[in-house]
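Everything on this sheet refers to the single structure shown next.
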Amino acid sequence: MGKDGETGSTDGRLIVVSNRLPLVLSQASGGAWHLERGSGGLVTAIEPVLKDTQGVWIGWPGLTPEQIRDADEFLDQKSDELGYRVRGVGLSPKQQDDFYLGFANQIIWPLFHDFPTQCNFDPTFWHAYQEVNHRFAEVVADEARDGDFIWVHDYHLMSVAEELHEKGVKSRLGFFLHIPFPSRDLFLKLPWRREVLEALLHYDLIGFQSDRDRTNFVHCLQALRPDVKVEGRGRVLKLEVQGRTLGAGVFPISIDVDEFAGPARSPQVSERVARLWTEFPGRKVILGVDRLDYSKGIPHKLEGYRLALSRYPELQEKVSLVQLVVPSREDIPEYHRMKREIERLVGQISGEFTRPGWVPIHYQYGRWDRPELIAHYRAASVALVTPLKDGMNLVAKEFCSASLEGNGVLILSEHAGATAQLQEDAILVNPYDVEGVAEAIHRACTMPDRERKDRMQRMRRKIQNEDIYWWVDCFRNAANGVEEAEALPLDVYLPSRA
Ligand code: GDG
C-alpha cells in the first residue's frame with residue numbers, strides 16, 4: 001500500500017521473512033517477556049501492508065529454539081497490538097556462529113562486497129546455512145497458504161524458496177537483496193556458487209538495488225546457466241528457466257522522508273542544531289556516519305581528509321570532520337583490527353593539524369539517538385559518504401532529507417547503489433582515489449551557495465519521489481506482474497559519465 005493508502009494491493013496475505021524480526025524481545029528475571037518495536041523506514045513502510053493483508057513477519061528474535069515456544073505464545077498475544085502476526089525462528093548458539101557470523105558474515109558479506117581475501121570458506125558454514133534456511137522454511141511453510149505472497153529479505157536467506165518448493169508450498173515468492181551482487185569472477189570463487197544461484201532461481205521475483213547488481217547476476221547466469229533465457233529491458237527482466245518465468249528487477253530502496261524531514265524541524269532538533277553551530281563557530285562541519293565495516297571505507301576516507309588539509313591549507317581551521325563509527329559485528333576479529341587502524345589515523349590527523357581553538361577531527365565510536373543523528377545531518381555542510389562498495393547507502397538519502405537549509409553538499413562514492421539515483425547532483429568520488437577524495441572535499445567546501453542549493457533541492461525531490469513507499473509498491477506491483485512496473489524508468493550509473 002502506498003503512503004496514501006493506494007495501489008499495490010494483492011489478493012493474499014503478505015508474509016515477510018527476514019533474518020531479524022523488527023522488534024527486540026527481552027525476558028525479565030521473573031520470566032516475563034518484554035517487547036520493544038523496531039523503527040526504520042523498511043518497518044514503517046511494510047507494517048501497513050502487513051496490517052492491511054493480515055500478514056505475518058517471520059524472523060529470528062535473537063533466541064534459541066528452547067526459548068522460542070514460550071516467546072511465540074507471547075508474540076501471539078501481541079498480534080492485536082501490532083496489527084499483524086509475528087513468528088519467531090529459534091537458532092542455537094552454534095547456528096548463530098556458523099550461519100550468521102560464519103556463512104552470512106564471513107563468506108557472503110565479504111565476497112559480495114568485493115573482499116574475497118576476507119572470506120573464510122569453511123564448509124561447516126555452508127552446512128549451517130542450509131540447515132538454518134531449512135528451519136526458516138519450515139516455519140514459513142507452517143504459515144503459508146496458497147495466494148499469499150512471501151517476501152524474503154537479504155543474503156541470509158537465499159535458499160528459503162528452494163526449501164519451500166521442496167515442501168510443496170505454492171505461494172508466490174519474492175526475494176530482495178539489500179547488498180550488492182558481485183561480478184562474475186568474484187561469484188565464481190564461491191565453492192557453493194551453483195547451489196546459491198540455483199536456489200535464487202526458485203523465486204518468482206528477484207530484486208536488486210541497482211542495475212549494476214542485476215547485470216552482475218545476469219553475467220553469473222550466463223556463466224553457470226547459459227540455458228536460462230533473459231528477455232526484456234527496463235526495470236524488470238524476464239528469465240525463462242525450464243518453462244518457468246521469473247522476474248529480475250531493479251528496486252532502489254529508500255527512506256521514509258518524513259521520519260527525517262519532520263523531526264529535523266522539531267524544536268528539540270533545531271535547538272541542538274543551533275548548539276552544534278556554536279560549537280563549530282565559523283566552520284563547516286563535514287559529517288561521516290558509518291557502521292564499523294571494511295565495506296564502508298573509513299580509513300580511505302580519513303586519508304582523503306588528511307590529504308585535503310595538507311593540499312588545501314586554506315581549509316585548516318575552516319572545517320572539522322565529525323566522524324561517527326557505529327559498533328558492529330564485534331565478534332569478528334577483522335573488525336577489531338579495523339577499529340585500531342581508524343583510531344591510528346584519527347590520532348595522526350589530530351597530531352598533525354590540531355591548533356589551539358581548532359580540532360580537525362571529532363571521532364566518536366558509539367551510537368547516537370535519532371534526534372542527535374538528525375541534528376548532525378541538518379547541521380553539516382558536507383556529508384562524506386564514501387563506501388568502497390554498498391548496496392544502496394541510506395545515510396546519503398537521510399542526510400539530504402534532513403538538510404532543511406538545503407545547502408548541504410553530498411560527496412558520494414560511485415560504488416554505492418545510491419549513485420544511480422543521485423549521480424547528477426552529488427559530487428562523485430572513487431573512494432580508492434585519495435587525491436580525488438581530497439579534491440572533492442575542497443570542491444564541496446568552496447562550492448557557491450546557489451549551486452549547493454540547486455543540487456540539494458534536486459536530490460531532495462528525487463528522494464521524495466522515490467521513497468520507501470514507492471519502493472514497496474514497485475516491488476509488489478512487479479511481483480503481481482503489473483505492467484507499469486516494467487515501464488518505470490531505470491537509473492543507471494556508468495563511470496564514463498562522471
Ligand atoms: C544494508 C546495506 C542498504 C547509523 N548510525 C546510526 C544510525 N544509523 C542508521 C542510519 C541508516 C542505517 O543505520 C545504515 O544504513 P545503510 O544503508 O547506510 O547501511 P547498512 O546498515 O550496511 O545496510 C545498505 C541497506 O541495507 C538497506 O537496504 O542501503 O547498502 O549494506 O538508516 O540512519 N541510526 C541511529 N544512530 C546511529 O548512530 N539512530
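Note on naming: chains are A, B, ... as they come in the C-alpha cells, residues start from 1 per chain, ligands start from 1 in the order shown.
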Checklist entry - Which residues sit within 7 Å of ligand 1, counting only C-alpha atoms and all ligand atoms, listed as number ranges by chain? => result A: 40, 178-179, 253, 289-291, 326, 366-370, 373, 390-395, 398, 417
Item to check | Backbone-only DSSP, helix (DSSP H, G or I) members of segment 307-435 of chain A, as JSON, numbers by chain | outcome: {"A": [307, 308, 309, 310, 311, 313, 314, 315, 333, 334, 335, 336, 337, 338, 339, 340, 341, 342, 343, 344, 345, 346, 347, 348, 349, 350, 351, 352, 353, 370, 371, 372, 373, 374, 375, 376, 377, 378, 379, 394, 395, 396, 397, 398, 399, 400, 401, 402, 419, 420, 421, 422, 434, 435]}
Checklist entry - Hey, what's within 9 Å of segment 25-30 of chain A if we count only C-alpha atoms and toss same-chain stuff fewer than 3 positions away? As a VMD selection string, please? => result chain A and resid 33 to 37 61 to 63 71
Next on the checklist: Taking 3 positions as the minimum chain separation for residues in the same chain, which residues sit within 10 Å of Pro252 of chain A when counting only C-alpha atoms? Answer as an MDAnalysis selection string.
Outcome noted: chainID A and resid 178 207:211 249 391:392 417:418 420:421 466:468 470:471 474:475 490:491
Next on the checklist: What's the separation between atom CA of Glu405 of chain A and atom CA of Leu384 of chain A, in Å to one decimal place?
Outcome noted: 17.7 Å
Next on the checklist: Could you list, as a PyMOL selection string, every residue within 9 Å of Leu200 of chain A, counting only C-alpha atoms and ignoring same-chain residues fewer than 3 positions away?
Outcome noted: chain A and resi 158-162+175+195-197+203+206
Selected residues written out with C-alpha atoms, as a tab-separated table (two decimals), in the first residue's frame:
```tsv
chain	number	residue	atom	x	y	z
A	158	MET	CA	18.75	-17.05	-0.32
A	159	SER	CA	17.76	-20.75	-0.13
A	160	VAL	CA	14.34	-20.36	1.51
A	161	ALA	CA	12.36	-20.53	-1.78
A	162	GLU	CA	14.05	-23.75	-2.84
A	175	PHE	CA	13.42	-12.01	-2.78
A	195	GLU	CA	23.83	-24.12	-5.33
A	196	VAL	CA	23.33	-20.45	-4.44
A	197	LEU	CA	22.44	-19.42	-7.99
A	203	TYR	CA	11.93	-17.20	-6.51
A	206	ILE	CA	14.45	-11.37	-7.51
```
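As for atom CA of Val236 of chain A and atom CA of Ile150 of chain A, they are spaced 18.4 Å apart.
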Item to check | Per-residue DSSP, segment 319-376 of chain A, filtered to strand (DSSP E or B), as a VMD selection string | outcome: chain A and resid 319 to 326 355 358 361 to 365
Next on the checklist: Nearest residue to Asn480 of chain A out of A:Asp213, A:Asp148, A:Glu334, A:Asp256, using only C-alpha atoms?
Outcome noted: A:Asp148
Next on the checklist: Residues within 10 Å of Leu422 of chain A, please, as an MDAnalysis selection string. Count only C-alpha atoms; anything in the same chain fewer than 5 positions from it doesn't count.
Outcome noted: chainID A and resid 396:397 410 412 414 417 427:428 455:456 458:460 462:463 491 493
Residues of segment 360-421 of chain A that approach segment 294-313 of chain A to 9 Å or less, counting only C-alpha atoms: could you list each one with the shortest pair of atoms and its distance in Å to one decimal, rows by chain and increasing residue number, as CSV?
```
residue,atom,partner,partner_atom,distance
A:Pro360,CA,A:Leu309,CA,8.8
A:Leu384,CA,A:Lys301,CA,7.9
A:Val385,CA,A:Lys296,CA,8.3
A:Thr386,CA,A:Gly297,CA,6.3
A:Pro387,CA,A:Lys296,CA,3.9
A:Leu388,CA,A:Gly297,CA,5.2
A:Lys389,CA,A:Ser295,CA,5.6
A:Asp390,CA,A:Ser295,CA,6.9
```
